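What follows is the content of entry-v3.cif (mmCIF, C-alpha atoms and all ligand atoms).
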```
data_upload
loop_
_atom_site.group_PDB
_atom_site.id
_atom_site.type_symbol
_atom_site.label_atom_id
_atom_site.label_comp_id
_atom_site.auth_asym_id
_atom_site.auth_seq_id
_atom_site.Cartn_x
_atom_site.Cartn_y
_atom_site.Cartn_z
ATOM 1 C CA MET Y 6 115.933 60.691 41.868
ATOM 2 C CA ILE Y 7 112.680 59.641 40.192
ATOM 3 C CA VAL Y 8 110.829 56.394 39.427
ATOM 4 C CA ASP Y 9 108.858 55.231 36.406
ATOM 5 C CA THR Y 10 106.193 52.957 37.921
ATOM 6 C CA HIS Y 11 104.806 51.900 34.556
ATOM 7 C CA CYS Y 12 107.386 51.248 31.913
ATOM 8 C CA HIS Y 13 107.237 48.765 29.018
ATOM 9 C CA LEU Y 14 111.010 48.929 28.626
ATOM 10 C CA TYR Y 15 111.020 45.471 27.037
ATOM 11 C CA ASP Y 16 108.874 46.673 24.139
ATOM 12 C CA GLU Y 17 110.429 46.285 20.716
ATOM 13 C CA ALA Y 18 109.995 50.030 20.135
ATOM 14 C CA PHE Y 19 113.180 50.481 22.221
ATOM 15 C CA ARG Y 20 115.311 47.897 20.469
ATOM 16 C CA PRO Y 21 116.915 50.136 17.801
ATOM 17 C CA ASP Y 22 118.475 52.591 20.288
ATOM 18 C CA PHE Y 23 118.146 50.842 23.619
ATOM 19 C CA ASP Y 24 121.503 51.986 25.052
ATOM 20 C CA ASP Y 25 120.679 55.627 24.311
ATOM 21 C CA VAL Y 26 117.232 55.261 25.897
ATOM 22 C CA LEU Y 27 118.856 53.870 29.030
ATOM 23 C CA THR Y 28 121.541 56.566 29.124
ATOM 24 C CA ARG Y 29 118.944 59.317 28.850
ATOM 25 C CA ALA Y 30 116.867 57.669 31.586
ATOM 26 C CA ARG Y 31 119.810 57.604 33.981
ATOM 27 C CA GLU Y 32 120.779 61.184 33.062
ATOM 28 C CA ALA Y 33 117.201 62.251 33.873
ATOM 29 C CA GLY Y 34 117.669 60.840 37.382
ATOM 30 C CA LEU Y 35 115.632 57.703 36.920
ATOM 31 C CA GLU Y 36 116.545 55.139 39.531
ATOM 32 C CA ALA Y 37 113.929 52.435 38.959
ATOM 33 C CA CYS Y 38 111.444 51.205 36.347
ATOM 34 C CA VAL Y 39 108.517 48.967 37.225
ATOM 35 C CA MET Y 40 107.689 46.770 34.225
ATOM 36 C CA PRO Y 41 104.100 45.531 34.028
ATOM 37 C CA GLY Y 42 103.354 42.359 32.113
ATOM 38 C CA ILE Y 43 100.600 42.090 29.494
ATOM 39 C CA ASP Y 44 100.254 38.449 28.412
ATOM 40 C CA ARG Y 45 102.261 35.406 27.315
ATOM 41 C CA SER Y 46 103.572 37.130 24.215
ATOM 42 C CA CYS Y 47 105.744 39.614 26.137
ATOM 43 C CA HIS Y 48 106.690 37.422 29.096
ATOM 44 C CA GLU Y 49 110.063 36.252 27.820
ATOM 45 C CA SER Y 50 111.342 39.673 26.801
ATOM 46 C CA LEU Y 51 110.173 41.157 30.102
ATOM 47 C CA VAL Y 52 111.994 38.509 32.127
ATOM 48 C CA ALA Y 53 115.139 38.911 30.024
ATOM 49 C CA MET Y 54 115.075 42.672 30.604
ATOM 50 C CA ALA Y 55 114.700 42.221 34.371
ATOM 51 C CA ASP Y 56 117.679 39.833 34.376
ATOM 52 C CA ALA Y 57 119.756 42.263 32.325
ATOM 53 C CA LEU Y 58 119.037 45.243 34.609
ATOM 54 C CA PRO Y 59 118.826 43.955 38.199
ATOM 55 C CA GLY Y 60 118.012 46.642 40.756
ATOM 56 C CA PHE Y 61 116.759 48.946 38.014
ATOM 57 C CA ALA Y 62 114.036 47.163 36.029
ATOM 58 C CA PHE Y 63 111.513 45.440 38.301
ATOM 59 C CA PRO Y 64 109.323 42.737 36.721
ATOM 60 C CA CYS Y 65 105.591 42.165 37.242
ATOM 61 C CA ILE Y 66 103.247 39.447 36.029
ATOM 62 C CA GLY Y 67 99.609 39.718 35.043
ATOM 63 C CA LEU Y 68 97.020 39.388 32.307
ATOM 64 C CA HIS Y 69 95.975 42.708 30.744
ATOM 65 C CA PRO Y 70 92.232 43.175 30.052
ATOM 66 C CA THR Y 71 92.813 43.828 26.344
ATOM 67 C CA SER Y 72 94.429 40.377 26.158
ATOM 68 C CA VAL Y 73 91.307 38.694 27.545
ATOM 69 C CA SER Y 74 89.669 36.912 24.589
ATOM 70 C CA GLU Y 75 88.890 33.330 23.527
ATOM 71 C CA THR Y 76 92.183 32.199 25.057
ATOM 72 C CA TRP Y 77 91.611 33.785 28.481
ATOM 73 C CA GLU Y 78 91.718 30.510 30.396
ATOM 74 C CA GLU Y 79 95.129 29.554 28.995
ATOM 75 C CA GLU Y 80 96.400 33.067 29.565
ATOM 76 C CA LEU Y 81 95.236 33.110 33.187
ATOM 77 C CA ALA Y 82 96.664 29.627 33.756
ATOM 78 C CA PHE Y 83 99.999 30.916 32.432
ATOM 79 C CA VAL Y 84 100.072 33.667 35.080
ATOM 80 C CA LYS Y 85 99.357 31.159 37.846
ATOM 81 C CA GLU Y 86 101.877 28.684 36.478
ATOM 82 C CA HIS Y 87 104.689 31.249 36.456
ATOM 83 C CA PHE Y 88 103.715 33.000 39.663
ATOM 84 C CA ALA Y 89 106.299 31.221 41.791
ATOM 85 C CA ASP Y 90 109.092 31.399 39.175
ATOM 86 C CA ARG Y 91 110.841 34.390 40.705
ATOM 87 C CA ARG Y 92 110.286 37.528 42.706
ATOM 88 C CA TRP Y 93 107.582 39.691 41.101
ATOM 89 C CA TYR Y 94 106.983 43.234 42.287
ATOM 90 C CA ALA Y 95 103.291 43.442 41.423
ATOM 91 C CA VAL Y 96 100.426 41.617 39.757
ATOM 92 C CA GLY Y 97 99.762 43.709 36.679
ATOM 93 C CA GLU Y 98 98.769 45.094 34.618
ATOM 94 C CA ILE Y 99 95.234 43.880 35.211
ATOM 95 C CA GLY Y 100 91.863 45.586 34.985
ATOM 96 C CA LEU Y 101 88.914 46.387 32.753
ATOM 97 C CA ASP Y 102 88.821 47.988 29.311
ATOM 98 C CA LYS Y 103 85.514 48.500 27.528
ATOM 99 C CA TYR Y 104 87.014 51.032 25.132
ATOM 100 C CA TRP Y 105 89.054 48.339 23.427
ATOM 101 C CA SER Y 106 86.266 45.734 23.327
ATOM 102 C CA LYS Y 107 82.968 44.871 25.017
ATOM 103 C CA ASP Y 108 83.002 41.249 23.821
ATOM 104 C CA PHE Y 109 84.589 39.697 26.916
ATOM 105 C CA VAL Y 110 83.486 41.950 29.761
ATOM 106 C CA LYS Y 111 82.325 39.037 31.944
ATOM 107 C CA GLU Y 112 85.637 37.284 31.392
ATOM 108 C CA GLN Y 113 87.584 40.503 32.051
ATOM 109 C CA ILE Y 114 85.809 40.812 35.418
ATOM 110 C CA ARG Y 115 86.518 37.216 36.366
ATOM 111 C CA VAL Y 116 90.194 37.467 35.334
ATOM 112 C CA LEU Y 117 90.578 40.712 37.278
ATOM 113 C CA GLU Y 118 88.994 39.340 40.448
ATOM 114 C CA GLU Y 119 91.089 36.188 40.398
ATOM 115 C CA GLN Y 120 94.280 38.183 39.955
ATOM 116 C CA ILE Y 121 93.429 40.624 42.753
ATOM 117 C CA VAL Y 122 92.897 37.667 45.085
ATOM 118 C CA LEU Y 123 96.181 36.144 43.882
ATOM 119 C CA ALA Y 124 97.987 39.401 44.672
ATOM 120 C CA ALA Y 125 96.318 39.755 48.067
ATOM 121 C CA GLU Y 126 97.344 36.229 49.058
ATOM 122 C CA ALA Y 127 100.925 36.886 47.999
ATOM 123 C CA GLY Y 128 101.043 40.305 49.636
ATOM 124 C CA LEU Y 129 101.820 41.961 46.290
ATOM 125 C CA PRO Y 130 100.361 45.225 44.987
ATOM 126 C CA VAL Y 131 98.203 45.285 41.857
ATOM 127 C CA ILE Y 132 98.598 47.563 38.833
ATOM 128 C CA ILE Y 133 95.127 48.509 37.600
ATOM 129 C CA HIS Y 134 94.390 49.473 34.000
ATOM 130 C CA LEU Y 135 90.894 50.976 33.793
ATOM 131 C CA ARG Y 136 89.312 52.418 30.667
ATOM 132 C CA GLU Y 137 85.626 53.241 30.212
ATOM 133 C CA ALA Y 138 84.606 50.758 32.891
ATOM 134 C CA THR Y 139 84.589 52.724 36.145
ATOM 135 C CA ASP Y 140 81.137 51.490 37.247
ATOM 136 C CA ASP Y 141 82.099 47.877 36.583
ATOM 137 C CA PHE Y 142 85.292 48.397 38.557
ATOM 138 C CA PHE Y 143 83.373 49.711 41.569
ATOM 139 C CA ARG Y 144 81.172 46.591 41.382
ATOM 140 C CA VAL Y 145 84.329 44.465 41.459
ATOM 141 C CA LEU Y 146 85.527 46.416 44.497
ATOM 142 C CA GLU Y 147 82.157 45.768 46.191
ATOM 143 C CA ASP Y 148 82.446 42.039 45.376
ATOM 144 C CA LEU Y 149 85.911 41.995 46.903
ATOM 145 C CA ARG Y 150 85.009 43.778 50.140
ATOM 146 C CA GLY Y 151 87.006 41.948 52.763
ATOM 147 C CA VAL Y 152 89.923 41.162 50.455
ATOM 148 C CA ASP Y 153 92.804 43.187 51.797
ATOM 149 C CA PHE Y 154 94.869 44.468 48.879
ATOM 150 C CA ARG Y 155 96.798 47.507 47.731
ATOM 151 C CA GLY Y 156 97.858 48.844 44.378
ATOM 152 C CA VAL Y 157 98.111 51.615 41.858
ATOM 153 C CA MET Y 158 95.472 53.073 39.547
ATOM 154 C CA HIS Y 159 97.687 53.279 36.493
ATOM 155 C CA ALA Y 160 97.345 56.289 34.147
ATOM 156 C CA TYR Y 161 94.796 57.789 36.486
ATOM 157 C CA SER Y 162 92.597 60.256 34.637
ATOM 158 C CA GLY Y 163 89.537 60.408 36.876
ATOM 159 C CA SER Y 164 88.116 63.142 39.060
ATOM 160 C CA TYR Y 165 88.989 64.099 42.613
ATOM 161 C CA GLU Y 166 85.650 62.592 43.717
ATOM 162 C CA THR Y 167 86.452 59.231 42.113
ATOM 163 C CA TYR Y 168 89.892 59.332 43.758
ATOM 164 C CA ARG Y 169 88.245 59.816 47.169
ATOM 165 C CA ARG Y 170 85.763 57.032 46.498
ATOM 166 C CA LEU Y 171 88.482 54.604 45.384
ATOM 167 C CA LEU Y 172 90.363 55.208 48.618
ATOM 168 C CA THR Y 173 87.384 53.938 50.616
ATOM 169 C CA TYR Y 174 87.911 50.472 49.092
ATOM 170 C CA ALA Y 175 91.655 49.845 49.141
ATOM 171 C CA ASP Y 176 95.033 51.379 49.772
ATOM 172 C CA PHE Y 177 95.458 52.850 46.296
ATOM 173 C CA ARG Y 178 98.176 55.018 44.841
ATOM 174 C CA PHE Y 179 97.525 56.959 41.654
ATOM 175 C CA GLY Y 180 99.841 56.717 38.656
ATOM 176 C CA ILE Y 181 100.179 60.114 37.012
ATOM 177 C CA GLY Y 182 101.715 60.179 33.548
ATOM 178 C CA GLY Y 183 101.928 62.086 30.286
ATOM 179 C CA VAL Y 184 98.200 62.821 30.137
ATOM 180 C CA VAL Y 185 98.596 65.405 32.922
ATOM 181 C CA THR Y 186 100.721 67.513 30.554
ATOM 182 C CA TYR Y 187 98.004 67.693 27.874
ATOM 183 C CA LYS Y 188 96.094 70.905 27.336
ATOM 184 C CA ASN Y 189 92.858 71.006 29.365
ATOM 185 C CA ALA Y 190 93.644 67.659 31.006
ATOM 186 C CA GLY Y 191 90.898 67.164 33.587
ATOM 187 C CA VAL Y 192 93.182 65.095 35.769
ATOM 188 C CA ALA Y 193 95.285 68.197 36.492
ATOM 189 C CA LEU Y 194 92.372 69.478 38.601
ATOM 190 C CA ALA Y 195 92.351 66.232 40.568
ATOM 191 C CA VAL Y 196 96.139 66.275 40.991
ATOM 192 C CA GLU Y 197 95.921 69.766 42.445
ATOM 193 C CA LYS Y 198 93.762 68.478 45.316
ATOM 194 C CA MET Y 199 95.183 64.972 45.736
ATOM 195 C CA SER Y 200 97.604 64.277 48.550
ATOM 196 C CA LEU Y 201 101.173 64.047 47.280
ATOM 197 C CA ASP Y 202 101.467 60.908 49.428
ATOM 198 C CA ASP Y 203 99.020 59.178 47.066
ATOM 199 C CA ILE Y 204 100.827 59.972 43.813
ATOM 200 C CA VAL Y 205 103.391 57.925 41.906
ATOM 201 C CA THR Y 206 104.853 58.877 38.531
ATOM 202 C CA GLU Y 207 104.865 56.823 35.362
ATOM 203 C CA THR Y 208 105.302 57.009 31.598
ATOM 204 C CA ASP Y 209 103.491 53.931 30.183
ATOM 205 C CA CYS Y 210 106.197 54.179 27.537
ATOM 206 C CA PRO Y 211 106.304 53.675 24.590
ATOM 207 C CA TRP Y 212 102.741 55.107 24.768
ATOM 208 C CA LEU Y 213 101.090 58.250 26.259
ATOM 209 C CA THR Y 214 103.961 60.602 25.478
ATOM 210 C CA PRO Y 215 103.971 63.878 27.441
ATOM 211 C CA VAL Y 216 104.126 67.365 25.957
ATOM 212 C CA PRO Y 217 106.310 68.573 24.188
ATOM 213 C CA PHE Y 218 106.985 65.143 22.623
ATOM 214 C CA ARG Y 219 103.329 64.152 22.211
ATOM 215 C CA GLY Y 220 102.856 62.082 19.053
ATOM 216 C CA LYS Y 221 106.375 60.638 19.221
ATOM 217 C CA ARG Y 222 107.580 57.539 21.060
ATOM 218 C CA ASN Y 223 107.484 57.866 24.829
ATOM 219 C CA GLU Y 224 110.546 56.817 26.859
ATOM 220 C CA PRO Y 225 111.463 56.464 30.551
ATOM 221 C CA SER Y 226 113.471 59.719 30.747
ATOM 222 C CA TYR Y 227 110.255 61.665 30.085
ATOM 223 C CA VAL Y 228 108.985 60.817 33.559
ATOM 224 C CA ARG Y 229 110.949 63.951 34.453
ATOM 225 C CA LEU Y 230 108.398 66.025 32.502
ATOM 226 C CA VAL Y 231 105.612 64.475 34.551
ATOM 227 C CA VAL Y 232 107.370 65.331 37.815
ATOM 228 C CA GLU Y 233 107.850 68.899 36.532
ATOM 229 C CA LYS Y 234 104.166 69.196 35.677
ATOM 230 C CA ILE Y 235 103.015 67.895 39.070
ATOM 231 C CA ALA Y 236 105.408 70.342 40.757
ATOM 232 C CA GLN Y 237 103.950 73.176 38.685
ATOM 233 C CA ILE Y 238 100.338 72.185 39.460
ATOM 234 C CA LYS Y 239 100.983 71.791 43.175
ATOM 235 C CA GLN Y 240 103.333 74.790 43.321
ATOM 236 C CA LEU Y 241 106.059 72.778 44.975
ATOM 237 C CA PRO Y 242 109.783 72.477 44.223
ATOM 238 C CA TYR Y 243 110.689 69.736 41.731
ATOM 239 C CA GLU Y 244 112.915 68.071 44.352
ATOM 240 C CA ASP Y 245 110.024 67.734 46.818
ATOM 241 C CA VAL Y 246 107.767 66.056 44.262
ATOM 242 C CA ALA Y 247 110.628 63.798 43.115
ATOM 243 C CA ALA Y 248 111.434 62.758 46.686
ATOM 244 C CA SER Y 249 107.809 62.096 47.681
ATOM 245 C CA THR Y 250 106.809 60.184 44.570
ATOM 246 C CA THR Y 251 109.996 58.104 44.758
ATOM 247 C CA ARG Y 252 109.299 57.254 48.393
ATOM 248 C CA ASN Y 253 105.678 56.365 47.549
ATOM 249 C CA ALA Y 254 106.796 54.093 44.713
ATOM 250 C CA ARG Y 255 109.454 52.354 46.810
ATOM 251 C CA ARG Y 256 106.921 51.674 49.556
ATOM 252 C CA LEU Y 257 104.168 50.475 47.258
ATOM 253 C CA PHE Y 258 106.329 48.055 45.267
ATOM 254 C CA ASN Y 259 108.907 47.248 47.957
ATOM 255 C CA LEU Y 260 111.726 48.350 45.640
HETATM 256 NI NI NI E 301 100.819 49.693 30.304
#
```

What would you get if you wrote out this structure as structure tokens?
Amino acid sequence: MIVDTHCHLYDEAFRPDFDDVLTRAREAGLEACVMPGIDRSCHESLVAMADALPGFAFPCIGLHPTSVSETWEEELAFVKEHFADRRWYAVGEIGLDKYWSKDFVKEQIRVLEEQIVLAAEAGLPVIIHLREATDDFFRVLEDLRGVDFRGVMHAYSGSYETYRRLLTYADFRFGIGGVVTYKNAGVALAVEKMSLDDIVTETDCPWLTPVPFRGKRNEPSYVRLVVEKIAQIKQLPYEDVAASTTRNARRLFNL
């Protein structure tokens, strides 16, 4: 059995053939999908999906850095307002993204810090989205020294050295997805040296589609291709990688 720890199953990209997507996911051995939130606009469809697939699709709540703009205060208030609505499995996805925009970096940092503290107080893991802002993220981690939290570095694409450094700050797991299947993917070198105990698998579907489907829509069943690639890199049997990453995911998110 395998787990997709980052799955936007509620995205409208899956609406036309949703039943087929789900059938293929189950046939691939998928036993759980963790669904990160983004902002107010997807909240309702995410919650509806979680209600429709109990024990399979696990909902999270959080404000994504690319949704931090003029309306950030209302968006953050929305997260806090709905925090006690139901059982959430993580605060996410949250983080920093300077690739998308540099206009609200200060606000992105503030929103991230507040949500990490929120997660720590609730005993929930965080799902971190980080793009072209590694130095800023380490400054946030310095600021939050003393805040005891855990989480996943989603779509991890950094080096082995950055992986080691991140682990000195918090109990992180590392979400490995389709990028690891790309030709000359630097993260493959890191994966080779990383402890299997620190790795969880993900798709980030409908985005970041693995080879050989790169360029097409990503879907949860393709997490199998990620497990295969990790097994190949680490020269381990598929079943061992599937079992370890599933155990890591279940522990991290309390699935
Ligand atoms: Ni995502």

Considering only C-alpha atoms, return as an MDAnalysis selection string whatever protein or nucleic-acid residues lie within 6 Å of Thr208 in chain Y, sequence-local ones (same chain, fewer than 6 positions apart) excluded.
chainID Y and resid 11 182 228

Please return as JSON, numbers by chain the residues found within 7 Å of ligand NI 301 (chain E), counting all atoms listed in the file.
{"Y": [11, 12, 13, 41, 98, 209]}

Residue IDs satisfying the PyMOL selection byres (((chain Y and resi 183) around 7) and not hetatm), as a ChimeraX atom specification:
/Y:182,184-186,208,213-215,231

So which residues get picked by the PyMOL selection byres (((chain Y and resi 23-36) around 9) and not hetatm) here, written as JSON, numbers by chain?
{"Y": [6, 7, 8, 9, 14, 18, 19, 20, 21, 22, 37, 38, 60, 61, 224, 225, 226, 227, 228, 229, 251]}

Polymer residues at most 10 Å from range 173-176 of chain Y, all atoms listed in the file, same-chain spacing of 4 or more positions, as a ChimeraX atom specification:
/Y:130,143,146-147,149-157,168-169,203,257

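The closest residue to Arg256 in chain Y, picked from Y:Tyr187, Y:Pro211, Y:Thr10, Y:Asn223 and counting all atoms listed in the file, is Y:Thr10.
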
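Using all atoms listed in the file, the residues found no farther than 7 Å from Glu137 in chain Y, other than those of its own chain fewer than 4 positions away, are Y:Asp102, Y:Lys103, Y:Tyr104.
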
Let me see the file: selected residues, C-alpha atoms, as a PDB file, in the coordinates of the input.
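selection.pdb written:
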```
ATOM      1  CA  ASP Y 102      88.821  47.988  29.311  1.00  0.00           C
ATOM      2  CA  LYS Y 103      85.514  48.500  27.528  1.00  0.00           C
ATOM      3  CA  TYR Y 104      87.014  51.032  25.132  1.00  0.00           C
TER       4      TYR Y 104
END
```

Can you rebuild range 12-36 of chain Y with N, CA, C and O atoms and give it as a tab-separated table (two decimals), in the frame of the given file?
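What landed in out_26.tsv:
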```tsv
chain	number	residue	atom	x	y	z
Y	12	CYS	N	106.39	51.08	32.96
Y	12	CYS	CA	107.39	51.25	31.91
Y	12	CYS	C	107.51	49.93	31.13
Y	12	CYS	O	107.92	48.92	31.68
Y	13	HIS	N	107.12	49.96	29.85
Y	13	HIS	CA	107.24	48.76	29.02
Y	13	HIS	C	108.59	48.79	28.31
Y	13	HIS	O	108.67	48.82	27.08
Y	14	LEU	N	109.63	48.79	29.12
Y	14	LEU	CA	111.01	48.93	28.63
Y	14	LEU	C	111.41	47.78	27.70
Y	14	LEU	O	112.34	47.90	26.90
Y	15	TYR	N	110.72	46.66	27.84
Y	15	TYR	CA	111.02	45.47	27.04
Y	15	TYR	C	110.34	45.53	25.67
Y	15	TYR	O	110.50	44.62	24.86
Y	16	ASP	N	109.59	46.58	25.42
Y	16	ASP	CA	108.87	46.67	24.14
Y	16	ASP	C	109.86	46.83	22.98
Y	16	ASP	O	110.90	47.49	23.12
Y	17	GLU	N	109.49	46.26	21.85
Y	17	GLU	CA	110.43	46.28	20.72
Y	17	GLU	C	110.66	47.70	20.17
Y	17	GLU	O	111.63	47.93	19.46
Y	18	ALA	N	109.80	48.64	20.56
Y	18	ALA	CA	110.00	50.03	20.14
Y	18	ALA	C	111.35	50.58	20.61
Y	18	ALA	O	111.86	51.54	20.04
Y	19	PHE	N	111.91	49.97	21.67
Y	19	PHE	CA	113.18	50.48	22.22
Y	19	PHE	C	114.41	49.75	21.70
Y	19	PHE	O	115.54	50.10	22.04
Y	20	ARG	N	114.19	48.73	20.90
Y	20	ARG	CA	115.31	47.90	20.47
Y	20	ARG	C	116.35	48.65	19.63
Y	20	ARG	O	117.55	48.48	19.87
Y	21	PRO	N	115.93	49.50	18.69
Y	21	PRO	CA	116.92	50.14	17.80
Y	21	PRO	C	117.95	51.00	18.54
Y	21	PRO	O	119.09	51.08	18.13
Y	22	ASP	N	117.55	51.67	19.61
Y	22	ASP	CA	118.48	52.59	20.29
Y	22	ASP	C	118.43	52.40	21.80
Y	22	ASP	O	118.46	53.37	22.57
Y	23	PHE	N	118.37	51.14	22.21
Y	23	PHE	CA	118.15	50.84	23.62
Y	23	PHE	C	119.18	51.49	24.55
Y	23	PHE	O	118.84	52.05	25.60
Y	24	ASP	N	120.45	51.44	24.18
Y	24	ASP	CA	121.50	51.99	25.05
Y	24	ASP	C	121.32	53.49	25.26
Y	24	ASP	O	121.53	54.00	26.37
Y	25	ASP	N	120.92	54.18	24.20
Y	25	ASP	CA	120.68	55.63	24.31
Y	25	ASP	C	119.48	55.92	25.21
Y	25	ASP	O	119.49	56.87	26.00
Y	26	VAL	N	118.43	55.10	25.06
Y	26	VAL	CA	117.23	55.26	25.90
Y	26	VAL	C	117.61	55.13	27.37
Y	26	VAL	O	117.21	55.94	28.22
Y	27	LEU	N	118.44	54.14	27.66
Y	27	LEU	CA	118.86	53.87	29.03
Y	27	LEU	C	119.75	54.99	29.56
Y	27	LEU	O	119.61	55.42	30.71
Y	28	THR	N	120.65	55.47	28.72
Y	28	THR	CA	121.54	56.57	29.12
Y	28	THR	C	120.73	57.81	29.46
Y	28	THR	O	120.96	58.45	30.49
Y	29	ARG	N	119.78	58.13	28.59
Y	29	ARG	CA	118.94	59.32	28.85
Y	29	ARG	C	118.12	59.14	30.13
Y	29	ARG	O	117.93	60.10	30.89
Y	30	ALA	N	117.65	57.93	30.37
Y	30	ALA	CA	116.87	57.67	31.59
Y	30	ALA	C	117.72	57.93	32.83
Y	30	ALA	O	117.28	58.60	33.77
Y	31	ARG	N	118.94	57.42	32.81
Y	31	ARG	CA	119.81	57.60	33.98
Y	31	ARG	C	120.20	59.07	34.14
Y	31	ARG	O	120.28	59.60	35.25
Y	32	GLU	N	120.44	59.75	33.01
Y	32	GLU	CA	120.78	61.18	33.06
Y	32	GLU	C	119.62	62.01	33.61
Y	32	GLU	O	119.83	63.06	34.23
Y	33	ALA	N	118.39	61.54	33.37
Y	33	ALA	CA	117.20	62.25	33.87
Y	33	ALA	C	116.98	62.00	35.37
Y	33	ALA	O	116.08	62.59	35.97
Y	34	GLY	N	117.79	61.12	35.95
Y	34	GLY	CA	117.67	60.84	37.38
Y	34	GLY	C	116.80	59.65	37.71
Y	34	GLY	O	116.42	59.43	38.86
Y	35	LEU	N	116.49	58.86	36.70
Y	35	LEU	CA	115.63	57.70	36.92
Y	35	LEU	C	116.40	56.62	37.67
Y	35	LEU	O	117.49	56.23	37.25
Y	36	GLU	N	115.84	56.16	38.77
Y	36	GLU	CA	116.54	55.14	39.53
Y	36	GLU	C	115.85	53.79	39.51
Y	36	GLU	O	116.42	52.79	39.93
```
